[in-house]
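What's in data-v3.cif: mmCIF, C-alpha atoms
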```cif
data_input
loop_
_atom_site.group_PDB
_atom_site.id
_atom_site.type_symbol
_atom_site.label_atom_id
_atom_site.label_comp_id
_atom_site.auth_asym_id
_atom_site.auth_seq_id
_atom_site.Cartn_x
_atom_site.Cartn_y
_atom_site.Cartn_z
ATOM 1 C CA MET L 1 113.656 111.069 26.140
ATOM 2 C CA THR L 2 115.287 110.418 29.493
ATOM 3 C CA LEU L 3 118.224 108.002 29.361
ATOM 4 C CA GLY L 4 117.269 105.405 31.969
ATOM 5 C CA PRO L 5 119.086 102.680 33.925
ATOM 6 C CA GLU L 6 119.362 100.399 30.890
ATOM 7 C CA TYR L 7 121.497 103.047 29.143
ATOM 8 C CA PHE L 8 123.990 103.132 32.030
ATOM 9 C CA ASP L 9 123.964 99.364 32.513
ATOM 10 C CA ALA L 10 124.905 99.011 28.835
ATOM 11 C CA LEU L 11 127.776 101.458 29.246
ATOM 12 C CA TYR L 12 129.126 99.574 32.250
ATOM 13 C CA SER L 13 128.788 96.256 30.435
ATOM 14 C CA ASP L 14 131.315 97.557 27.896
ATOM 15 C CA ALA L 15 133.742 99.233 30.313
ATOM 16 C CA ALA L 16 134.338 99.488 34.046
ATOM 17 C CA ASP L 17 134.973 103.223 33.669
ATOM 18 C CA PRO L 18 132.795 104.399 30.729
ATOM 19 C CA TRP L 19 133.694 108.105 30.991
ATOM 20 C CA GLY L 20 137.350 107.766 31.973
ATOM 21 C CA ILE L 21 136.641 109.247 35.394
ATOM 22 C CA GLU L 22 139.390 107.229 37.045
ATOM 23 C CA GLN L 23 142.214 108.506 34.878
ATOM 24 C CA GLY L 24 143.713 111.709 33.635
ATOM 25 C CA TRP L 25 144.387 115.176 34.958
ATOM 26 C CA TYR L 26 141.122 116.626 33.597
ATOM 27 C CA GLU L 27 138.903 114.561 35.905
ATOM 28 C CA GLU L 28 141.261 114.830 38.868
ATOM 29 C CA ARG L 29 141.380 118.607 38.535
ATOM 30 C CA LYS L 30 137.605 118.877 38.080
ATOM 31 C CA ARG L 31 137.050 116.994 41.335
ATOM 32 C CA ALA L 32 139.407 119.413 43.069
ATOM 33 C CA VAL L 33 137.461 122.365 41.644
ATOM 34 C CA VAL L 34 134.179 120.873 42.888
ATOM 35 C CA LEU L 35 135.506 120.374 46.398
ATOM 36 C CA ALA L 36 137.086 123.834 46.459
ATOM 37 C CA ALA L 37 133.763 125.398 45.416
ATOM 38 C CA LEU L 38 131.902 124.054 48.467
ATOM 39 C CA PRO L 39 131.088 127.157 50.542
ATOM 40 C CA ARG L 40 131.445 125.335 53.872
ATOM 41 C CA ARG L 41 134.346 123.381 55.233
ATOM 42 C CA ARG L 42 132.022 120.695 56.550
ATOM 43 C CA TYR L 43 128.454 119.464 56.011
ATOM 44 C CA ALA L 44 126.240 117.363 58.249
ATOM 45 C CA ARG L 45 124.422 115.302 55.614
ATOM 46 C CA ALA L 46 125.046 115.177 51.860
ATOM 47 C CA PHE L 47 123.321 113.487 48.931
ATOM 48 C CA GLU L 48 125.033 112.563 45.652
ATOM 49 C CA PRO L 49 122.482 111.353 43.071
ATOM 50 C CA GLY L 50 124.632 109.805 40.338
ATOM 51 C CA CYS L 51 127.889 108.800 42.007
ATOM 52 C CA ALA L 52 129.267 106.651 39.131
ATOM 53 C CA SER L 53 132.189 104.655 40.553
ATOM 54 C CA GLY L 54 132.660 106.956 43.543
ATOM 55 C CA ALA L 55 135.697 109.026 42.549
ATOM 56 C CA LEU L 56 134.101 112.289 43.730
ATOM 57 C CA SER L 57 132.352 110.501 46.600
ATOM 58 C CA VAL L 58 135.719 109.911 48.277
ATOM 59 C CA GLY L 59 136.363 113.635 48.551
ATOM 60 C CA LEU L 60 132.801 114.372 49.632
ATOM 61 C CA ALA L 61 132.991 111.736 52.371
ATOM 62 C CA GLU L 62 135.929 113.624 53.869
ATOM 63 C CA ARG L 63 133.841 116.783 54.128
ATOM 64 C CA CYS L 64 130.554 115.317 55.410
ATOM 65 C CA ASP L 65 129.421 113.579 58.581
ATOM 66 C CA GLU L 66 126.985 111.501 56.527
ATOM 67 C CA LEU L 67 126.935 110.872 52.767
ATOM 68 C CA VAL L 68 124.199 109.135 50.767
ATOM 69 C CA CYS L 69 125.288 108.052 47.267
ATOM 70 C CA TRP L 70 122.946 106.824 44.530
ATOM 71 C CA ASP L 71 123.451 105.533 41.029
ATOM 72 C CA PRO L 72 121.092 103.812 38.559
ATOM 73 C CA ALA L 73 123.779 101.332 37.420
ATOM 74 C CA GLU L 74 124.424 98.250 39.572
ATOM 75 C CA ARG L 75 128.112 98.071 38.637
ATOM 76 C CA ALA L 76 128.585 101.691 39.661
ATOM 77 C CA VAL L 77 126.954 101.034 43.030
ATOM 78 C CA GLU L 78 129.159 97.978 43.581
ATOM 79 C CA ALA L 79 132.300 99.958 42.714
ATOM 80 C CA THR L 80 131.398 102.834 45.014
ATOM 81 C CA ARG L 81 130.535 100.502 47.884
ATOM 82 C CA ALA L 82 133.898 98.781 47.539
ATOM 83 C CA ARG L 83 135.756 102.077 47.354
ATOM 84 C CA LEU L 84 134.059 103.544 50.437
ATOM 85 C CA ALA L 85 133.725 100.350 52.472
ATOM 86 C CA ASP L 86 136.040 101.637 55.205
ATOM 87 C CA ARG L 87 134.303 105.023 55.524
ATOM 88 C CA SER L 88 131.838 105.511 58.366
ATOM 89 C CA GLY L 89 128.660 107.456 57.692
ATOM 90 C CA VAL L 90 128.473 106.522 53.992
ATOM 91 C CA ARG L 91 125.505 104.741 52.413
ATOM 92 C CA VAL L 92 125.533 103.678 48.753
ATOM 93 C CA GLU L 93 122.269 102.624 47.089
ATOM 94 C CA LEU L 94 120.812 101.739 43.710
ATOM 95 C CA GLY L 95 118.458 104.573 42.810
ATOM 96 C CA ALA L 96 117.807 107.637 40.709
ATOM 97 C CA LEU L 97 115.915 110.893 40.881
ATOM 98 C CA PRO L 98 113.122 111.629 40.110
ATOM 99 C CA GLU L 99 111.714 108.080 40.221
ATOM 100 C CA ARG L 100 112.562 107.831 43.899
ATOM 101 C CA ALA L 101 112.982 110.441 46.628
ATOM 102 C CA PRO L 102 115.714 110.221 49.290
ATOM 103 C CA ASP L 103 114.889 109.861 52.963
ATOM 104 C CA GLY L 104 115.231 112.936 55.143
ATOM 105 C CA THR L 105 116.843 116.256 54.322
ATOM 106 C CA PHE L 106 120.362 117.384 53.471
ATOM 107 C CA ASP L 107 122.497 120.489 53.772
ATOM 108 C CA LEU L 108 124.389 119.519 50.585
ATOM 109 C CA VAL L 109 123.280 117.949 47.291
ATOM 110 C CA VAL L 110 125.840 117.341 44.534
ATOM 111 C CA ALA L 111 124.480 116.770 41.012
ATOM 112 C CA SER L 112 127.566 115.959 38.973
ATOM 113 C CA GLU L 113 127.123 115.156 35.256
ATOM 114 C CA VAL L 114 123.644 113.725 35.797
ATOM 115 C CA VAL L 115 120.813 116.129 34.929
ATOM 116 C CA TYR L 116 121.395 116.349 31.166
ATOM 117 C CA TYR L 117 120.404 112.691 30.860
ATOM 118 C CA LEU L 118 116.810 113.710 31.712
ATOM 119 C CA ASP L 119 114.076 115.043 29.469
ATOM 120 C CA ALA L 120 112.278 118.297 30.319
ATOM 121 C CA GLY L 121 109.603 116.728 32.513
ATOM 122 C CA ASP L 122 112.075 114.646 34.484
ATOM 123 C CA ARG L 123 114.431 117.608 34.893
ATOM 124 C CA GLU L 124 111.607 119.629 36.440
ATOM 125 C CA ALA L 125 110.801 116.723 38.766
ATOM 126 C CA PHE L 126 114.516 116.338 39.600
ATOM 127 C CA TRP L 127 114.864 119.979 40.671
ATOM 128 C CA ARG L 128 111.646 119.840 42.690
ATOM 129 C CA ALA L 129 112.910 116.739 44.504
ATOM 130 C CA VAL L 130 116.218 118.444 45.230
ATOM 131 C CA GLU L 131 114.500 121.542 46.584
ATOM 132 C CA ASP L 132 112.309 119.369 48.809
ATOM 133 C CA ALA L 133 115.377 117.530 50.113
ATOM 134 C CA LEU L 134 117.507 120.634 50.744
ATOM 135 C CA GLU L 135 117.363 122.237 54.146
ATOM 136 C CA PRO L 136 116.907 126.042 54.250
ATOM 137 C CA GLY L 137 120.303 127.544 53.514
ATOM 138 C CA GLY L 138 121.611 124.209 52.219
ATOM 139 C CA HIS L 139 123.714 124.049 49.068
ATOM 140 C CA LEU L 140 123.104 122.459 45.677
ATOM 141 C CA VAL L 141 126.223 121.942 43.557
ATOM 142 C CA ALA L 142 125.643 121.307 39.846
ATOM 143 C CA ILE L 143 128.487 120.390 37.446
ATOM 144 C CA HIS L 144 128.044 119.470 33.789
ATOM 145 C CA TRP L 145 130.059 118.974 30.604
ATOM 146 C CA ARG L 146 129.546 121.872 28.174
ATOM 147 C CA ARG L 147 130.696 120.363 24.887
ATOM 148 C CA GLU L 148 128.457 118.614 22.384
ATOM 149 C CA ALA L 149 126.842 115.323 23.371
ATOM 150 C CA PRO L 150 124.151 114.665 20.740
ATOM 151 C CA GLU L 151 122.806 111.575 22.511
ATOM 152 C CA TYR L 152 121.828 113.575 25.623
ATOM 153 C CA PRO L 153 118.347 115.131 25.838
ATOM 154 C CA VAL L 154 119.822 118.580 26.596
ATOM 155 C CA GLU L 155 123.233 120.284 26.740
ATOM 156 C CA GLY L 156 124.970 121.137 29.973
ATOM 157 C CA ASP L 157 124.561 124.899 29.638
ATOM 158 C CA ALA L 158 120.800 124.488 29.262
ATOM 159 C CA VAL L 159 120.700 122.540 32.539
ATOM 160 C CA HIS L 160 122.387 125.402 34.366
ATOM 161 C CA ASP L 161 120.286 128.053 32.645
ATOM 162 C CA GLU L 162 117.145 126.237 33.836
ATOM 163 C CA LEU L 163 118.544 126.016 37.344
ATOM 164 C CA GLN L 164 119.141 129.755 37.395
ATOM 165 C CA THR L 165 115.409 130.440 36.929
ATOM 166 C CA ARG L 166 114.223 128.505 39.984
ATOM 167 C CA PRO L 167 112.866 130.914 42.624
ATOM 168 C CA GLY L 168 113.632 128.590 45.530
ATOM 169 C CA LEU L 169 117.367 128.677 44.811
ATOM 170 C CA ALA L 170 119.905 131.510 44.681
ATOM 171 C CA ARG L 171 123.349 131.172 43.122
ATOM 172 C CA VAL L 172 126.326 131.835 45.394
ATOM 173 C CA VAL L 173 129.194 130.405 43.273
ATOM 174 C CA ARG L 174 129.709 130.279 39.516
ATOM 175 C CA HIS L 175 132.668 128.676 37.742
ATOM 176 C CA GLU L 176 132.729 128.366 33.966
ATOM 177 C CA GLU L 177 135.303 126.873 31.609
ATOM 178 C CA ALA L 178 135.266 125.759 27.980
ATOM 179 C CA ASP L 179 134.702 122.166 29.119
ATOM 180 C CA PHE L 180 132.411 122.360 32.136
ATOM 181 C CA ARG L 181 130.232 124.666 34.176
ATOM 182 C CA LEU L 182 129.814 124.598 37.931
ATOM 183 C CA ASP L 183 127.183 126.474 39.943
ATOM 184 C CA VAL L 184 126.457 126.415 43.663
ATOM 185 C CA HIS L 185 122.964 127.484 44.740
ATOM 186 C CA ALA L 186 121.609 128.028 48.233
ATOM 187 C CA ARG L 187 118.080 127.031 49.246
ATOM 188 C CA VAL L 188 116.099 130.138 50.112
ATOM 189 C CA PRO L 189 114.918 131.415 52.481
ATOM 190 C CA PRO L 190 117.046 132.422 54.399
ATOM 191 C CA PRO L 191 118.964 134.861 52.164
ATOM 192 C CA PRO L 192 122.038 133.225 50.576
ATOM 193 C CA ARG L 193 125.424 133.894 52.127
ATOM 194 C CA SER L 194 128.749 134.234 50.335
ATOM 195 C CA VAL L 195 131.706 132.005 51.164
ATOM 196 C CA ALA L 196 133.239 134.818 53.227
ATOM 197 C CA GLU L 197 129.980 135.255 55.139
ATOM 198 C CA GLU L 198 129.784 131.493 55.714
ATOM 199 C CA THR L 199 133.144 131.708 57.483
ATOM 200 C CA GLY L 200 132.280 134.798 59.555
ATOM 201 C CA LEU L 201 134.057 137.401 57.411
ATOM 202 C CA ARG L 202 132.213 140.625 56.561
#
```
Rewrite the structure from the file as structure tokens, please.
Amino acid sequence: MTLGPEYFDALYSDAADPWGIEQGWYEERKRAVVLAALPRRRYARAFEPGCASGALSVGLAERCDELVCWDPAERAVEATRARLADRSGVRVELGALPERAPDGTFDLVVASEVVYYLDAGDREAFWRAVEDALEPGGHLVAIHWRREAPEYPVEGDAVHDELQTRPGLARVVRHEEADFRLDVHARVPPPPRSVAEETGLR
């Protein structure tokens, strides 16, 4: 079954940083890999469903004119709001896909360590909501832990394998390590463009 808001609220009641996102080279490096994988230098409007305490949001805010961050845990929303309080164009809200849909469309959606908390029906609804929110040619970035997590409804690799089968998305970047997998997909049509093509190189 999907792990809902009560699961995350319980985690945050025990620790301000349940996954150790704020410390250690592993998480710092992973954030750098995510930002380096973005095919464009800059995006107009980005959506991050599942921002946790906002560690990745800081880097995304530097690359986007507007950033909308959601999380199902109140303490996570409070932490992200505090962290990004001085950033213009950033909105942080309590919310989660697929129960709620974001307003408007985006040229970037970043799903970081969030989809494997959902059961099969909610994962399908999540991807449909993302496709509806992505502008043609916009990018979806998915990043998930690959090691065992028995309490999650599905493993990280299965999330990415499902994503690969969606006809409305085409992969343009793949990065795989023992610990995590990262894929960037473009909303089609139009035909997806490589990073070199995005920058005008042929």
Choose the residue, out of L:Ala79, L:Phe47, L:Asp161, L:Arg174, that has the smallest atom-to-atom separation from Ala129 of chain L; count only C-alpha atoms.
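Of L:Ala79, L:Phe47, L:Asp161, L:Arg174, the one nearest Ala129 of chain L is L:Phe47, counting only C-alpha atoms.
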Selection near Leu169 of chain L, 6 Å with all atoms listed in the file, sequence-local residues under 2 positions removed, as an MDAnalysis selection string
chainID L and resid 166:167 185:188
Residues matched by the PyMOL selection byres ((chain L and resi 89) around 9) as a list of chain:residue names
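For this structure, the PyMOL selection byres ((chain L and resi 89) around 9) captures L:Ala61, L:Cys64, L:Asp65, L:Glu66, L:Leu67, L:Val68, L:Arg87, L:Ser88, L:Val90, L:Arg91.
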Take atom CA of Leu163 of chain L and atom CA of Ala37 of chain L and report the distance between them in Å, one decimal.
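Taking atom CA of Leu163 of chain L as the start and atom CA of Ala37 of chain L as the end point, the length is 17.2 Å.
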Would you give the centre and edge lengths, in Å to one decimal, of a box along x, y and z around the listed atoms of segment 168-186 of chain L, with 6 Å added to each side, as AutoDock Vina command-line options?
```
--center_x 124.5 --center_y 127.0 --center_z 38.1 --size_x 33.7 --size_y 21.7 --size_z 32.3
```
Between L:Val154, L:Ala55, L:Ala170, L:Val130, which residue has the minimum interatomic distance to Leu118 of chain L, considering all atoms listed in the file?
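Closest to Leu118 of chain L, using all atoms listed in the file: L:Val154.
Interatomic distance, atom CA of Asp132 of chain L against atom CA of Glu6 of chain L: 27.0 Å.
Within the file as shown, the PyMOL selection byres ((chain L and resi 40-44) around 9) identifies Ala37, Leu38, Pro39, Arg45, Ala46, Glu62, Arg63, Cys64, Asp65, Glu66, Leu67, Phe106, Asp107, Leu108, Val195, Glu198 and Thr199 of chain L.
Using only C-alpha atoms, the nearest neighbour of Trp127 of chain L within the list L:Ala85, L:Ala101, L:Glu148, L:Ser13 is L:Ala101.
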Two-atom distance - atom CA of Phe8 of chain L, atom CA of His175 of chain L (Å):
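Pair atom CA of Phe8 of chain L / atom CA of His175 of chain L returns 27.6 Å.
Considering only C-alpha atoms, the residue among L:Asp183, L:Gly59, L:Leu11, L:Ala36 positioned nearest to Gln164 of chain L is L:Asp183.
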Tell me, as a VMD selection string, which residues lie within 8 Å of Val58 of chain L, counting all atoms listed in the file; anything in the same chain fewer than 4 positions away does not count.
chain L and resid 54 62 83 to 84
When you count all atoms listed in the file, which of these residues is closest to Ala73 of chain L: L:Leu140, L:Leu56, L:Val184, L:Val92?
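For Ala73 of chain L, the nearest of the candidates is L:Val92.
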Restore all heavy atoms in segment 81-92 of chain L and list the result as a PDB file, in the frame of the given file.
```
ATOM      1  N   ARG L  81     130.562 101.182  46.580  1.00  0.00           N
ATOM      2  CA  ARG L  81     130.535 100.502  47.884  1.00  0.00           C
ATOM      3  C   ARG L  81     131.909  99.950  48.244  1.00  0.00           C
ATOM      4  O   ARG L  81     132.364 100.073  49.391  1.00  0.00           O
ATOM      5  CB  ARG L  81     129.510  99.377  47.854  1.00  0.00           C
ATOM      6  CG  ARG L  81     128.076  99.834  48.026  1.00  0.00           C
ATOM      7  CD  ARG L  81     127.106  98.679  47.930  1.00  0.00           C
ATOM      8  NE  ARG L  81     125.733  99.104  48.148  1.00  0.00           N
ATOM      9  CZ  ARG L  81     124.673  98.413  47.798  1.00  0.00           C
ATOM     10  NH1 ARG L  81     124.830  97.222  47.204  1.00  0.00           N
ATOM     11  NH2 ARG L  81     123.458  98.866  48.024  1.00  0.00           N
ATOM     12  N   ALA L  82     132.570  99.336  47.282  1.00  0.00           N
ATOM     13  CA  ALA L  82     133.898  98.781  47.539  1.00  0.00           C
ATOM     14  C   ALA L  82     134.892  99.881  47.877  1.00  0.00           C
ATOM     15  O   ALA L  82     135.726  99.743  48.789  1.00  0.00           O
ATOM     16  CB  ALA L  82     134.372  97.990  46.321  1.00  0.00           C
ATOM     17  N   ARG L  83     134.810 100.981  47.169  1.00  0.00           N
ATOM     18  CA  ARG L  83     135.756 102.077  47.354  1.00  0.00           C
ATOM     19  C   ARG L  83     135.584 102.751  48.714  1.00  0.00           C
ATOM     20  O   ARG L  83     136.556 103.209  49.321  1.00  0.00           O
ATOM     21  CB  ARG L  83     135.553 103.082  46.224  1.00  0.00           C
ATOM     22  CG  ARG L  83     136.312 104.368  46.391  1.00  0.00           C
ATOM     23  CD  ARG L  83     136.147 105.231  45.153  1.00  0.00           C
ATOM     24  NE  ARG L  83     137.338 105.181  44.343  1.00  0.00           N
ATOM     25  CZ  ARG L  83     137.388 105.426  43.048  1.00  0.00           C
ATOM     26  NH1 ARG L  83     136.288 105.702  42.392  1.00  0.00           N
ATOM     27  NH2 ARG L  83     138.519 105.392  42.398  1.00  0.00           N
ATOM     28  N   LEU L  84     134.339 102.827  49.192  1.00  0.00           N
ATOM     29  CA  LEU L  84     134.059 103.544  50.437  1.00  0.00           C
ATOM     30  C   LEU L  84     133.727 102.607  51.596  1.00  0.00           C
ATOM     31  O   LEU L  84     133.178 103.033  52.611  1.00  0.00           O
ATOM     32  CB  LEU L  84     132.894 104.513  50.215  1.00  0.00           C
ATOM     33  CG  LEU L  84     133.155 105.621  49.188  1.00  0.00           C
ATOM     34  CD1 LEU L  84     131.893 106.441  48.938  1.00  0.00           C
ATOM     35  CD2 LEU L  84     134.279 106.529  49.646  1.00  0.00           C
ATOM     36  N   ALA L  85     134.084 101.348  51.463  1.00  0.00           N
ATOM     37  CA  ALA L  85     133.725 100.350  52.472  1.00  0.00           C
ATOM     38  C   ALA L  85     134.280 100.679  53.857  1.00  0.00           C
ATOM     39  O   ALA L  85     133.672 100.330  54.872  1.00  0.00           O
ATOM     40  CB  ALA L  85     134.206  98.971  52.025  1.00  0.00           C
ATOM     41  N   ASP L  86     135.419 101.347  53.912  1.00  0.00           N
ATOM     42  CA  ASP L  86     136.040 101.637  55.205  1.00  0.00           C
ATOM     43  C   ASP L  86     135.648 103.003  55.755  1.00  0.00           C
ATOM     44  O   ASP L  86     136.176 103.435  56.782  1.00  0.00           O
ATOM     45  CB  ASP L  86     137.554 101.546  55.089  1.00  0.00           C
ATOM     46  CG  ASP L  86     138.131 102.571  54.114  1.00  0.00           C
ATOM     47  OD1 ASP L  86     137.354 103.093  53.283  1.00  0.00           O
ATOM     48  OD2 ASP L  86     139.346 102.838  54.178  1.00  0.00           O
ATOM     49  N   ARG L  87     134.715 103.690  55.083  1.00  0.00           N
ATOM     50  CA  ARG L  87     134.303 105.023  55.524  1.00  0.00           C
ATOM     51  C   ARG L  87     133.037 104.930  56.356  1.00  0.00           C
ATOM     52  O   ARG L  87     132.037 104.364  55.912  1.00  0.00           O
ATOM     53  CB  ARG L  87     134.042 105.945  54.325  1.00  0.00           C
ATOM     54  CG  ARG L  87     135.211 106.108  53.374  1.00  0.00           C
ATOM     55  CD  ARG L  87     136.370 106.834  54.039  1.00  0.00           C
ATOM     56  NE  ARG L  87     137.460 107.013  53.107  1.00  0.00           N
ATOM     57  CZ  ARG L  87     137.824 108.185  52.590  1.00  0.00           C
ATOM     58  NH1 ARG L  87     137.159 109.283  52.920  1.00  0.00           N
ATOM     59  NH2 ARG L  87     138.855 108.266  51.777  1.00  0.00           N
ATOM     60  N   SER L  88     133.042 105.489  57.541  1.00  0.00           N
ATOM     61  CA  SER L  88     131.838 105.511  58.366  1.00  0.00           C
ATOM     62  C   SER L  88     130.911 106.617  57.868  1.00  0.00           C
ATOM     63  O   SER L  88     131.352 107.621  57.306  1.00  0.00           O
ATOM     64  CB  SER L  88     132.197 105.748  59.833  1.00  0.00           C
ATOM     65  OG  SER L  88     132.836 107.002  59.993  1.00  0.00           O
ATOM     66  N   GLY L  89     129.620 106.431  58.055  1.00  0.00           N
ATOM     67  CA  GLY L  89     128.660 107.456  57.692  1.00  0.00           C
ATOM     68  C   GLY L  89     128.334 107.522  56.216  1.00  0.00           C
ATOM     69  O   GLY L  89     127.696 108.480  55.779  1.00  0.00           O
ATOM     70  N   VAL L  90     128.742 106.531  55.432  1.00  0.00           N
ATOM     71  CA  VAL L  90     128.473 106.522  53.992  1.00  0.00           C
ATOM     72  C   VAL L  90     127.496 105.399  53.664  1.00  0.00           C
ATOM     73  O   VAL L  90     127.669 104.260  54.109  1.00  0.00           O
ATOM     74  CB  VAL L  90     129.771 106.333  53.177  1.00  0.00           C
ATOM     75  CG1 VAL L  90     129.452 106.220  51.689  1.00  0.00           C
ATOM     76  CG2 VAL L  90     130.733 107.482  53.432  1.00  0.00           C
ATOM     77  N   ARG L  91     126.458 105.730  52.884  1.00  0.00           N
ATOM     78  CA  ARG L  91     125.505 104.741  52.413  1.00  0.00           C
ATOM     79  C   ARG L  91     125.406 104.832  50.899  1.00  0.00           C
ATOM     80  O   ARG L  91     125.195 105.915  50.361  1.00  0.00           O
ATOM     81  CB  ARG L  91     124.131 104.985  53.059  1.00  0.00           C
ATOM     82  CG  ARG L  91     123.155 103.837  52.838  1.00  0.00           C
ATOM     83  CD  ARG L  91     121.926 103.946  53.727  1.00  0.00           C
ATOM     84  NE  ARG L  91     120.931 104.852  53.196  1.00  0.00           N
ATOM     85  CZ  ARG L  91     120.566 105.991  53.785  1.00  0.00           C
ATOM     86  NH1 ARG L  91     121.124 106.376  54.915  1.00  0.00           N
ATOM     87  NH2 ARG L  91     119.632 106.751  53.248  1.00  0.00           N
ATOM     88  N   VAL L  92     125.564 103.716  50.212  1.00  0.00           N
ATOM     89  CA  VAL L  92     125.533 103.678  48.753  1.00  0.00           C
ATOM     90  C   VAL L  92     124.372 102.794  48.314  1.00  0.00           C
ATOM     91  O   VAL L  92     124.274 101.639  48.736  1.00  0.00           O
ATOM     92  CB  VAL L  92     126.861 103.140  48.173  1.00  0.00           C
ATOM     93  CG1 VAL L  92     126.843 103.228  46.650  1.00  0.00           C
ATOM     94  CG2 VAL L  92     128.052 103.903  48.735  1.00  0.00           C
TER      95      VAL L  92
END
```
